[in-house]
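Undergrad: Here's a structure for you.
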2 protein chains.
Amino acid sequence: MAESRLVGPVRIVGVGLLGTSVGLGLRDRKIETILADASPTNLRIAIDYGAGRAAKPGDLPQLIVVCVPPDVTAEIVARELEAYPGAIVTDVASVKLAPLAELRERGADISRYIGSHPLAGREKGGPLSGRADLFIGRPWVVAAHDAISYQQAGAIDDLILDLGAILVEMTPEEHDLGVALVSHVPQVISTLMARRLTGAAHSSLNLAGQGLRDVTRVAASDPDLWVQILGANAGPVRDVLLAYRDDLDRFIDALEDPDAPGAQRQVAEELAGGNVGVARLPGKHGQDRRFSSMIVMVNDQPGQIARLLNDIGELGVNLEDLRLEHSPGAQIGLAEISVLPGAVTRLTEELAARGWRIAG
Amino acid sequence: MAESRLVGPVRIVGVGLLGTSVGLGLRDRKIETILADASPTNLRIAIDYGAGRAAKPGDLPQLIVVCVPPDVTAEIVARELEAYPGAIVTDVASVKLAPLAELRERGADISRYIGSHPLAGREKGGPLSGRADLFIGRPWVVAAHDAISYQQAGAIDDLILDLGAILVEMTPEEHDLGVALVSHVPQVISTLMARRLTGAAHSSLNLAGQGLRDVTRVAASDPDLWVQILGANAGPVRDVLLAYRDDLDRFIDALEDPDAPGAQRQVAEELAGGNVGVARLPGKHGQDRRFSSMIVMVNDQPGQIARLLNDIGELGVNLEDLRLEHSPGAQIGLAEISVLPGAVTRLTEELAARGWRIAG
């Protein structure tokens with residue numbers, strides 16, 4: 001990585017998971033960081049943890065990163081802009097239009113504000129969950145607007161590069177619509193599916209397979225945070241949900257009489273459309289066609305998966321993806337391995353030769 | 001496993017993934033199997049593969065397992081009941097009410113028929129995907145009805161136990177409602193989410209994280225098969241979808257004016273309901289609380305995951321679950337490891353001592 005162009009100090013307001021991680025990451029790059037938080041306890045933890053030092057009179061931060069919950073983001077950004085007239089201010093809220101609009105309403109000096117959003121996080125929050133490498137390789141959106149110059153926004157770019165994230169430029173509108181589609185609506189969809197399970201018979205739930213588990217995994221997310229996110233991005237989320245509901249209505253209609261003319265074609269077209277949509281997702285998980293998968297049976301004992309993957313490593317094959325599936329009530333699991341298509345035949349033979357049971 | 005009580009021979013009609021797997025599994029248990037299929041090519045492949053022998057005049061099967069697509073299941077079951085008046089007949093279709101109703105309509109001798117449904121499968125079909133161990137540890141529903149005696153149904157029980165599956169008794173109604181909820185509706189929900197991605201901007205799709213990938217994974221399923229499944233179980237699927245749509249409507253209404261009185265509480269309650277629902281799922285993936293997870297950074301190179309899991313194995317820690325997450329555009333992945341809570345502290349320390357970067 002090139003020498004940082006950030007001079008610092010960087011002031012971080014809010015030392016939860018994201019703020020602490022920003023602090024740790026910048027300290028790793030030898031940049032001075034100043035921490036602030038409404039909770040003295042959290043502030044003390046984050047300082048002890050090494051994310052930065054406490055603020056003191058006369059601090060002249062170059063850049064301020066506001067890492068507070070979405071519903072107070074604009075308020076805190078406005079306060080910081082006023083308190084530090086020489087600083088550029090950014091925030092990390094997962095919506096970008098609402099804070100900008102509120103700052104305009106408040107008459108804040110938005111010529112020094114530019115919103116951003118790192119797409120990084122973990123299920124655990126709080127300063128002790130913070131990690132210097134949380135942002136490495138993750139998209140970090142910078143939401144440009146007309147009132148700030150390219151040159152001033154450069155400090156944000158430097159911050160993102162210093163933290164190892166991938167800079168993505170979008171307008172606030174593009175950002176909010178994008179995250180509505182790829183993050184906020186999937187959360188709602190998953191939550192509502194999981195809601196259907198609350199009254200279900202245990203005998204039904206025992207039939208659940210990997211599909212339901214995947215669809216409902218994010219339904220375990222923190223309601224307090226998501227109320228804020230969904231509230232702040234209500235318009236775009238609602239737009240996508242309305243389009244989703246139209247599709248759902250057509251599906252429900254087609255199922256009313258599945259033998260009616262056109263009903264099966266309707267269902268088939270929706271299913272095929274789903275195939276097309278999921279294939280558009282970039283990256284390893286989305287484009288299954290780039291990789292071939294095979295399934296290996298694994299005893300549910302310490303070291304078994306390790307031994308399997310050690311064997312794969314010894315064969316010089318790069319594991320592109322791995323998914324473990326557990327058989328309910330059994331001492332056997334299935335490991336689904338994705339590798340480059342050219343490696344499958346040899347890997348199958350070699351693993352079988354080493355005693356692995358290949359289930360497909 | 002105890003000595004099989006199945007005498008055989010067992011006749012298997014339809015040698016796709018399930019039929020071939022039944023054949024291979026029973027051959028493993030030294031039970032004679034007879035194969036039949038409308039496709040001479042598939043039949044030849046399944047015989048060559050070792051799943052059984054061809055039918056011959058005078059065959060007197062004890063049990064017949066019909067493994068054909070849902071839309072022809074009842075027709076084939078009726079034919080088999082008539083052709084082999086001494087045999088018990090079962091099927092493996094993923095719906096249970098429709099075949100039974102159609103058999104009654106056809107005036108078939110259902111005193112010798114009992115439907116069943118193994119909850120096992122793979123994304124790949126065809127005889128060459130068949131595996132003797134496909135059913136091990138999986139639920140296999142037997143859908144009892146009044147017209148068959150307990151004693152006669154015993155042959156089905158023996159079949160299921162011989163194949164290593166877990167016998168689950170349900171009425172056809174309970175079964176169809178259960179799979180509508182835990183399998184068919186999640187498929188629709190996922191498909192419709194993926195459908196929303198077909199027109200999305202690439203810049204939005206680049207922001208996609210693991211949540212969207214999980215929610216849409218099953219949307220890659222085979223439309224031809226799912227048209228049949230959804231058509232055959234249209235009533236229960238539609239009932240669950242209607243309840244889902246009611247929840248969705250309430251959610252959409254709450255987002256219309258998120259600052260209106262009660263709107264945030266409504267959203268929070270739905271989100272909390274999702275938490276409750278997902279926590280009801282049995283098994284390792286559903287009940288995250290039974291395990292603690294930690295995240296380790298892994299270079300995207302051959303043998304890295306193997307080396308990590310080898311280290312975990314050497315430390316005597318049993319890996320309960322593993323999830324790989326790839327950073328877009330980066331040469332670094334995250335391995336999320338689930339272990340028993342008591343093992344986390346030591347594992348974190350020991351892995352760090354071995355040079356692993358623990359990201360949380």
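Identifiers for the structure tokens are assigned positionally: chains receive A, B, ... in sequence, residues are indexed from 1 per chain, and ligands are indexed from 1 in the order shown.
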Using DSSP on the backbone coordinates, identify the residues of region 156-313 of chain B assigned to strand (DSSP E); present them as a list in words.
TA: Ile166, Leu167, Val168, Glu169, Met170, Ser292, Ser293, Met294, Ile295, Val296, Met297, Val298 and Asn299 of chain B
Undergrad: Once you count only C-alpha atoms, which residues of chain A turn out to be within 6 Å of chain B? Could you give them as a VMD selection string?
TA: chain A and resid 137 to 138 178 182 186 191 194 to 195 197 to 198 204 208 212 214 to 215 219 to 220 223 227 231 234 238 252 255 258 268 271 to 275 277 to 278 302 to 303 306 309 to 310 313 317 to 318 327 to 328 330
Undergrad: Chain B superposed on chain A over all ordered C-alpha pairs, least squares: can you write that as a compact mmCIF listing (two decimals) with C-alpha atoms, in the first residue's frame?
TA:
```txt
# COMPACT_ATOMS: atom_id res chain seq x y z
CA MET B 1 -0.15 0.00 -0.29
CA ALA B 2 1.14 3.49 -1.10
CA GLU B 3 2.02 6.00 1.60
CA SER B 4 -1.12 7.59 3.02
CA ARG B 5 -2.00 11.06 1.83
CA LEU B 6 -4.17 11.58 4.90
CA VAL B 7 -2.40 13.92 7.28
CA GLY B 8 -4.74 13.68 10.23
CA PRO B 9 -5.63 13.88 12.90
CA VAL B 10 -8.90 12.13 12.13
CA ARG B 11 -11.65 12.64 14.68
CA ILE B 12 -14.07 9.72 15.09
CA VAL B 13 -17.42 10.41 16.70
CA GLY B 14 -19.15 7.27 17.97
CA VAL B 15 -17.01 4.28 18.88
CA GLY B 16 -19.24 1.33 18.13
CA LEU B 17 -18.15 -1.39 15.74
CA LEU B 18 -17.59 0.94 12.77
CA GLY B 19 -16.02 3.89 14.61
CA THR B 20 -13.63 1.66 16.54
CA SER B 21 -12.71 -0.20 13.37
CA VAL B 22 -11.96 3.08 11.57
CA GLY B 23 -9.77 4.10 14.51
CA LEU B 24 -7.89 0.81 14.63
CA GLY B 25 -7.40 0.80 10.87
CA LEU B 26 -6.02 4.34 10.80
CA ARG B 27 -3.73 3.71 13.79
CA ASP B 28 -2.40 0.76 11.84
CA ARG B 29 -1.47 3.32 9.18
CA LYS B 30 0.19 5.57 11.79
CA ILE B 31 -2.47 8.27 11.51
CA GLU B 32 -3.42 10.11 14.69
CA THR B 33 -7.02 9.47 15.70
CA ILE B 34 -9.20 11.30 18.20
CA LEU B 35 -12.20 9.51 19.69
CA ALA B 36 -15.48 10.87 21.03
CA ASP B 37 -18.62 9.11 22.22
CA ALA B 38 -21.73 10.02 24.21
CA SER B 39 -20.94 7.03 26.43
CA PRO B 40 -17.85 7.60 28.63
CA THR B 41 -17.65 3.82 29.16
CA ASN B 42 -17.53 3.02 25.46
CA LEU B 43 -15.03 5.82 24.90
CA ARG B 44 -12.75 4.41 27.61
CA ILE B 45 -12.98 0.90 26.13
CA ALA B 46 -12.16 2.13 22.61
CA ILE B 47 -9.17 4.13 23.87
CA ASP B 48 -7.88 1.20 25.93
CA TYR B 49 -8.40 -1.00 22.89
CA GLY B 50 -6.05 1.23 20.91
CA ALA B 51 -8.45 2.97 18.53
CA GLY B 52 -7.28 6.49 19.39
CA ARG B 53 -6.92 9.12 22.09
CA ALA B 54 -9.45 11.33 23.86
CA ALA B 55 -10.27 14.75 22.43
CA LYS B 56 -8.54 17.79 23.94
CA PRO B 57 -8.97 21.55 23.56
CA GLY B 58 -7.30 22.90 20.46
CA ASP B 59 -7.67 19.73 18.40
CA LEU B 60 -7.66 20.57 14.70
CA PRO B 61 -8.85 17.44 12.91
CA GLN B 62 -8.40 17.30 9.13
CA LEU B 63 -11.29 14.88 8.79
CA ILE B 64 -14.19 13.88 11.04
CA VAL B 65 -15.92 10.51 10.66
CA VAL B 66 -19.34 10.38 12.33
CA CYS B 67 -20.21 6.77 13.22
CA VAL B 68 -23.46 7.09 15.15
CA PRO B 69 -26.90 5.49 14.64
CA PRO B 70 -28.77 6.69 11.52
CA ASP B 71 -31.43 8.61 13.45
CA VAL B 72 -28.91 11.00 15.05
CA THR B 73 -26.38 11.14 12.22
CA ALA B 74 -27.43 14.52 10.77
CA GLU B 75 -27.62 16.14 14.21
CA ILE B 76 -24.09 15.04 15.11
CA VAL B 77 -22.68 15.92 11.67
CA ALA B 78 -24.16 19.44 12.00
CA ARG B 79 -22.63 19.82 15.45
CA GLU B 80 -19.22 18.69 14.23
CA LEU B 81 -19.30 20.99 11.18
CA GLU B 82 -19.94 23.90 13.52
CA ALA B 83 -17.41 22.89 16.18
CA TYR B 84 -14.57 22.28 13.69
CA PRO B 85 -14.83 24.87 10.90
CA GLY B 86 -11.58 23.68 9.33
CA ALA B 87 -12.56 20.01 9.01
CA ILE B 88 -14.18 17.88 6.34
CA VAL B 89 -16.96 15.73 7.82
CA THR B 90 -18.27 12.40 6.62
CA ASP B 91 -20.62 9.82 8.14
CA VAL B 92 -21.06 6.08 7.69
CA ALA B 93 -24.84 5.75 7.94
CA SER B 94 -26.44 3.14 5.71
CA VAL B 95 -28.75 5.75 4.16
CA LYS B 96 -27.50 8.86 2.40
CA LEU B 97 -30.41 11.03 1.25
CA ALA B 98 -32.02 11.60 4.65
CA PRO B 99 -28.91 12.93 6.45
CA LEU B 100 -28.09 15.26 3.53
CA ALA B 101 -31.66 16.60 3.43
CA GLU B 102 -31.70 17.14 7.18
CA LEU B 103 -28.35 18.95 7.05
CA ARG B 104 -29.69 21.28 4.34
CA GLU B 105 -32.76 21.95 6.52
CA ARG B 106 -30.56 22.71 9.48
CA GLY B 107 -28.55 25.16 7.35
CA ALA B 108 -25.33 23.26 8.02
CA ASP B 109 -22.20 24.09 5.96
CA ILE B 110 -22.47 21.13 3.61
CA SER B 111 -19.59 22.46 1.50
CA ARG B 112 -17.51 20.54 4.01
CA TYR B 113 -19.80 17.48 4.33
CA ILE B 114 -19.88 14.38 2.14
CA GLY B 115 -21.75 11.28 3.20
CA SER B 116 -20.33 7.80 2.82
CA HIS B 117 -21.28 4.22 3.59
CA PRO B 118 -18.93 1.30 4.13
CA LEU B 119 -20.65 -1.99 3.31
CA ALA B 120 -18.99 -3.82 6.13
CA GLY B 121 -20.27 -5.02 9.42
CA ARG B 122 -20.68 -7.95 11.68
CA GLU B 123 -23.53 -9.37 13.65
CA LYS B 124 -21.80 -8.30 16.87
CA GLY B 125 -21.58 -4.58 17.72
CA GLY B 126 -19.71 -2.45 20.24
CA PRO B 127 -16.12 -1.21 20.40
CA LEU B 128 -14.67 -4.60 21.30
CA SER B 129 -15.97 -6.01 18.02
CA GLY B 130 -13.97 -3.41 16.12
CA ARG B 131 -11.18 -4.65 13.85
CA ALA B 132 -8.51 -2.79 11.90
CA ASP B 133 -9.23 -4.99 8.90
CA LEU B 134 -13.02 -4.74 8.92
CA PHE B 135 -13.13 -2.73 5.70
CA ILE B 136 -10.49 -4.53 3.67
CA GLY B 137 -11.85 -5.42 0.26
CA ARG B 138 -15.35 -4.09 1.03
CA PRO B 139 -17.22 -1.55 -1.05
CA TRP B 140 -17.34 1.91 0.56
CA VAL B 141 -19.77 4.25 -1.15
CA VAL B 142 -19.05 7.98 -1.35
CA ALA B 143 -22.26 9.89 -2.05
CA ALA B 144 -21.26 13.03 -3.90
CA HIS B 145 -23.38 16.20 -4.00
CA ASP B 146 -23.05 19.56 -5.73
CA ALA B 147 -22.16 21.62 -2.68
CA ILE B 148 -18.74 20.06 -2.05
CA SER B 149 -15.74 20.29 -4.35
CA TYR B 150 -13.89 17.31 -5.72
CA GLN B 151 -10.73 18.49 -4.03
CA GLN B 152 -12.28 18.70 -0.59
CA ALA B 153 -13.80 15.24 -0.92
CA GLY B 154 -10.31 13.89 -1.56
CA ALA B 155 -9.74 13.38 2.16
CA ILE B 156 -12.62 10.87 2.22
CA ASP B 157 -11.10 9.00 -0.70
CA ASP B 158 -7.79 8.82 1.16
CA LEU B 159 -9.56 7.52 4.27
CA ILE B 160 -11.23 4.75 2.30
CA LEU B 161 -8.04 3.73 0.52
CA ASP B 162 -6.10 3.77 3.79
CA LEU B 163 -8.62 1.38 5.31
CA GLY B 164 -8.24 -1.00 2.37
CA ALA B 165 -11.83 -0.57 1.17
CA ILE B 166 -12.99 -0.21 -2.44
CA LEU B 167 -14.21 3.27 -3.29
CA VAL B 168 -17.58 3.37 -5.07
CA GLU B 169 -18.98 6.73 -6.22
CA MET B 170 -22.76 7.11 -6.34
CA THR B 171 -25.30 9.88 -5.91
CA PRO B 172 -27.25 9.71 -2.63
CA GLU B 173 -30.32 8.69 -4.66
CA GLU B 174 -28.48 5.85 -6.43
CA HIS B 175 -27.06 4.70 -3.13
CA ASP B 176 -30.35 4.60 -1.24
CA LEU B 177 -32.14 2.82 -4.07
CA GLY B 178 -29.23 0.39 -4.41
CA VAL B 179 -29.08 -0.57 -0.75
CA ALA B 180 -32.88 -0.74 -0.61
CA LEU B 181 -32.68 -3.41 -3.30
CA VAL B 182 -29.62 -5.39 -2.25
CA SER B 183 -29.80 -5.04 1.53
CA HIS B 184 -32.93 -3.52 3.04
CA VAL B 185 -35.59 -5.36 1.04
CA PRO B 186 -33.84 -8.75 1.41
CA GLN B 187 -33.94 -8.09 5.16
CA VAL B 188 -37.70 -7.48 5.06
CA ILE B 189 -38.31 -10.48 2.77
CA SER B 190 -36.32 -12.72 5.09
CA THR B 191 -37.94 -11.35 8.25
CA LEU B 192 -41.45 -11.92 6.89
CA MET B 193 -40.58 -15.49 5.87
CA ALA B 194 -39.22 -16.18 9.35
CA ARG B 195 -42.37 -14.61 10.86
CA ARG B 196 -44.40 -17.39 9.16
CA LEU B 197 -42.47 -19.94 11.21
CA THR B 198 -43.57 -18.59 14.59
CA GLY B 199 -46.80 -20.58 14.62
CA ALA B 200 -45.59 -23.63 12.67
CA ALA B 201 -45.81 -27.20 13.94
CA HIS B 202 -42.53 -28.72 15.11
CA SER B 203 -43.08 -31.62 12.71
CA SER B 204 -43.05 -29.14 9.82
CA LEU B 205 -39.97 -27.35 11.06
CA ASN B 206 -38.16 -30.70 11.22
CA LEU B 207 -38.51 -30.91 7.43
CA ALA B 208 -36.60 -27.66 6.95
CA GLY B 209 -33.60 -27.88 4.67
CA GLN B 210 -30.79 -25.58 3.67
CA GLY B 211 -33.03 -23.46 1.44
CA LEU B 212 -35.19 -22.19 4.29
CA ARG B 213 -32.14 -21.68 6.50
CA ASP B 214 -30.49 -19.55 3.83
CA VAL B 215 -33.60 -17.51 3.12
CA THR B 216 -34.17 -16.74 6.81
CA ARG B 217 -30.60 -16.28 8.03
CA VAL B 218 -30.63 -12.46 8.10
CA ALA B 219 -33.98 -12.53 9.92
CA ALA B 220 -31.85 -12.99 13.06
CA SER B 221 -30.57 -9.39 12.70
CA ASP B 222 -30.95 -6.72 15.39
CA PRO B 223 -34.46 -5.17 15.28
CA ASP B 224 -33.37 -1.90 16.94
CA LEU B 225 -30.84 -1.11 14.23
CA TRP B 226 -33.14 -2.20 11.41
CA VAL B 227 -36.07 -0.09 12.57
CA GLN B 228 -33.81 2.92 12.09
CA ILE B 229 -32.41 1.83 8.75
CA LEU B 230 -35.81 0.98 7.28
CA GLY B 231 -37.35 4.15 8.68
CA ALA B 232 -34.59 6.32 7.21
CA ASN B 233 -34.81 4.67 3.78
CA ALA B 234 -38.57 4.09 3.84
CA GLY B 235 -39.29 5.57 0.39
CA PRO B 236 -36.93 3.45 -1.74
CA VAL B 237 -37.57 0.33 0.38
CA ARG B 238 -41.30 0.79 -0.02
CA ASP B 239 -40.94 1.26 -3.79
CA VAL B 240 -39.06 -2.02 -4.15
CA LEU B 241 -41.50 -3.79 -1.81
CA LEU B 242 -44.46 -2.53 -3.86
CA ALA B 243 -42.93 -3.96 -7.03
CA TYR B 244 -42.23 -7.18 -5.11
CA ARG B 245 -45.84 -7.29 -3.96
CA ASP B 246 -47.07 -6.90 -7.54
CA ASP B 247 -45.00 -9.93 -8.53
CA LEU B 248 -46.27 -11.80 -5.47
CA ASP B 249 -49.88 -10.98 -6.35
CA ARG B 250 -49.40 -12.33 -9.86
CA PHE B 251 -47.85 -15.47 -8.40
CA ILE B 252 -50.73 -15.95 -5.94
CA ASP B 253 -53.24 -15.43 -8.74
CA ALA B 254 -51.50 -18.00 -10.91
CA LEU B 255 -51.71 -20.52 -8.07
CA GLU B 256 -55.45 -19.99 -7.57
CA ASP B 257 -56.13 -22.30 -10.49
CA PRO B 258 -52.83 -23.78 -11.65
CA ASP B 259 -54.62 -25.59 -14.50
CA ALA B 260 -56.09 -22.39 -15.94
CA PRO B 261 -54.74 -21.30 -19.34
CA GLY B 262 -51.46 -19.41 -18.91
CA ALA B 263 -51.14 -20.11 -15.17
CA GLN B 264 -48.25 -22.53 -15.50
CA ARG B 265 -46.50 -20.31 -18.00
CA GLN B 266 -46.83 -17.42 -15.56
CA VAL B 267 -45.24 -19.45 -12.74
CA ALA B 268 -42.51 -20.75 -15.08
CA GLU B 269 -41.67 -17.23 -16.22
CA GLU B 270 -41.38 -15.97 -12.65
CA LEU B 271 -39.10 -18.89 -11.77
CA ALA B 272 -36.97 -18.33 -14.87
CA GLY B 273 -36.80 -14.62 -14.01
CA GLY B 274 -35.42 -15.60 -10.62
CA ASN B 275 -32.72 -17.65 -12.35
CA VAL B 276 -31.75 -14.61 -14.41
CA GLY B 277 -31.72 -12.29 -11.39
CA VAL B 278 -29.54 -14.44 -9.18
CA ALA B 279 -27.10 -15.04 -12.04
CA ARG B 280 -26.52 -11.27 -12.21
CA LEU B 281 -24.99 -11.15 -8.74
CA PRO B 282 -21.24 -10.62 -9.03
CA GLY B 283 -18.63 -12.60 -7.14
CA LYS B 284 -18.00 -16.14 -6.16
CA HIS B 285 -21.27 -16.91 -4.41
CA GLY B 286 -23.44 -15.47 -7.12
CA GLN B 287 -21.87 -16.89 -10.24
CA ASP B 288 -21.91 -20.58 -9.49
CA ARG B 289 -21.21 -21.25 -13.14
CA ARG B 290 -17.64 -20.16 -12.74
CA PHE B 291 -17.08 -23.03 -10.35
CA SER B 292 -18.02 -26.65 -10.08
CA SER B 293 -19.09 -28.15 -6.82
CA MET B 294 -18.77 -31.58 -5.31
CA ILE B 295 -20.15 -33.02 -2.11
CA VAL B 296 -18.08 -34.99 0.36
CA MET B 297 -19.47 -36.86 3.36
CA VAL B 298 -17.84 -35.95 6.64
CA ASN B 299 -18.20 -37.53 10.06
CA ASP B 300 -19.26 -35.04 12.73
CA GLN B 301 -16.03 -35.38 14.72
CA PRO B 302 -13.20 -32.98 15.57
CA GLY B 303 -10.68 -32.57 12.80
CA GLN B 304 -12.68 -34.21 10.01
CA ILE B 305 -13.27 -31.08 7.97
CA ALA B 306 -9.70 -30.07 8.64
CA ARG B 307 -8.43 -33.41 7.38
CA LEU B 308 -10.56 -33.08 4.25
CA LEU B 309 -9.38 -29.58 3.47
CA ASN B 310 -5.85 -30.50 4.31
CA ASP B 311 -6.09 -33.22 1.69
CA ILE B 312 -7.49 -30.71 -0.80
CA GLY B 313 -4.65 -28.33 0.01
CA GLU B 314 -2.06 -31.07 -0.46
CA LEU B 315 -3.50 -31.75 -3.88
CA GLY B 316 -2.80 -28.11 -4.75
CA VAL B 317 -6.46 -27.32 -5.43
CA ASN B 318 -7.77 -23.90 -4.40
CA LEU B 319 -11.02 -24.05 -2.51
CA GLU B 320 -13.32 -21.37 -3.96
CA ASP B 321 -16.18 -21.97 -1.56
CA LEU B 322 -17.21 -24.37 1.12
CA ARG B 323 -20.64 -24.99 2.55
CA LEU B 324 -21.33 -27.42 5.36
CA GLU B 325 -24.69 -29.11 5.61
CA HIS B 326 -25.71 -31.11 8.61
CA SER B 327 -28.08 -34.04 8.47
CA PRO B 328 -30.68 -33.73 11.23
CA GLY B 329 -30.24 -36.42 13.84
CA ALA B 330 -27.24 -37.96 12.10
CA GLN B 331 -23.53 -38.03 12.85
CA ILE B 332 -22.74 -37.20 9.27
CA GLY B 333 -22.44 -33.89 7.49
CA LEU B 334 -22.02 -32.95 3.88
CA ALA B 335 -19.29 -30.58 2.78
CA GLU B 336 -20.05 -28.92 -0.54
CA ILE B 337 -16.82 -27.81 -2.11
CA SER B 338 -16.55 -25.38 -5.01
CA VAL B 339 -13.44 -25.49 -7.16
CA LEU B 340 -12.46 -24.49 -10.68
CA PRO B 341 -14.19 -26.84 -13.16
CA GLY B 342 -10.89 -28.23 -14.42
CA ALA B 343 -10.02 -29.54 -10.96
CA VAL B 344 -13.14 -31.60 -10.29
CA THR B 345 -12.28 -34.91 -11.93
CA ARG B 346 -8.84 -35.19 -10.44
CA LEU B 347 -10.01 -34.01 -7.03
CA THR B 348 -12.84 -36.55 -7.02
CA GLU B 349 -10.45 -39.36 -7.84
CA GLU B 350 -7.75 -38.30 -5.42
CA LEU B 351 -10.13 -37.74 -2.53
CA ALA B 352 -11.80 -41.09 -3.12
CA ALA B 353 -8.34 -42.67 -3.16
CA ARG B 354 -7.72 -41.11 0.23
CA GLY B 355 -10.86 -42.75 1.58
CA TRP B 356 -13.35 -39.87 1.31
CA ARG B 357 -16.90 -40.69 0.37
CA ILE B 358 -17.86 -38.40 -2.49
CA ALA B 359 -21.61 -37.87 -2.51
CA GLY B 360 -21.68 -36.09 -5.85
```
Undergrad: Hey, what does DSSP flag as alpha helix (DSSP H) within region 163-226 of chain B? Can you give it to me as an MDAnalysis selection string?
TA: chainID B and resid 172:179 185:195 202:205 210:216 223:226
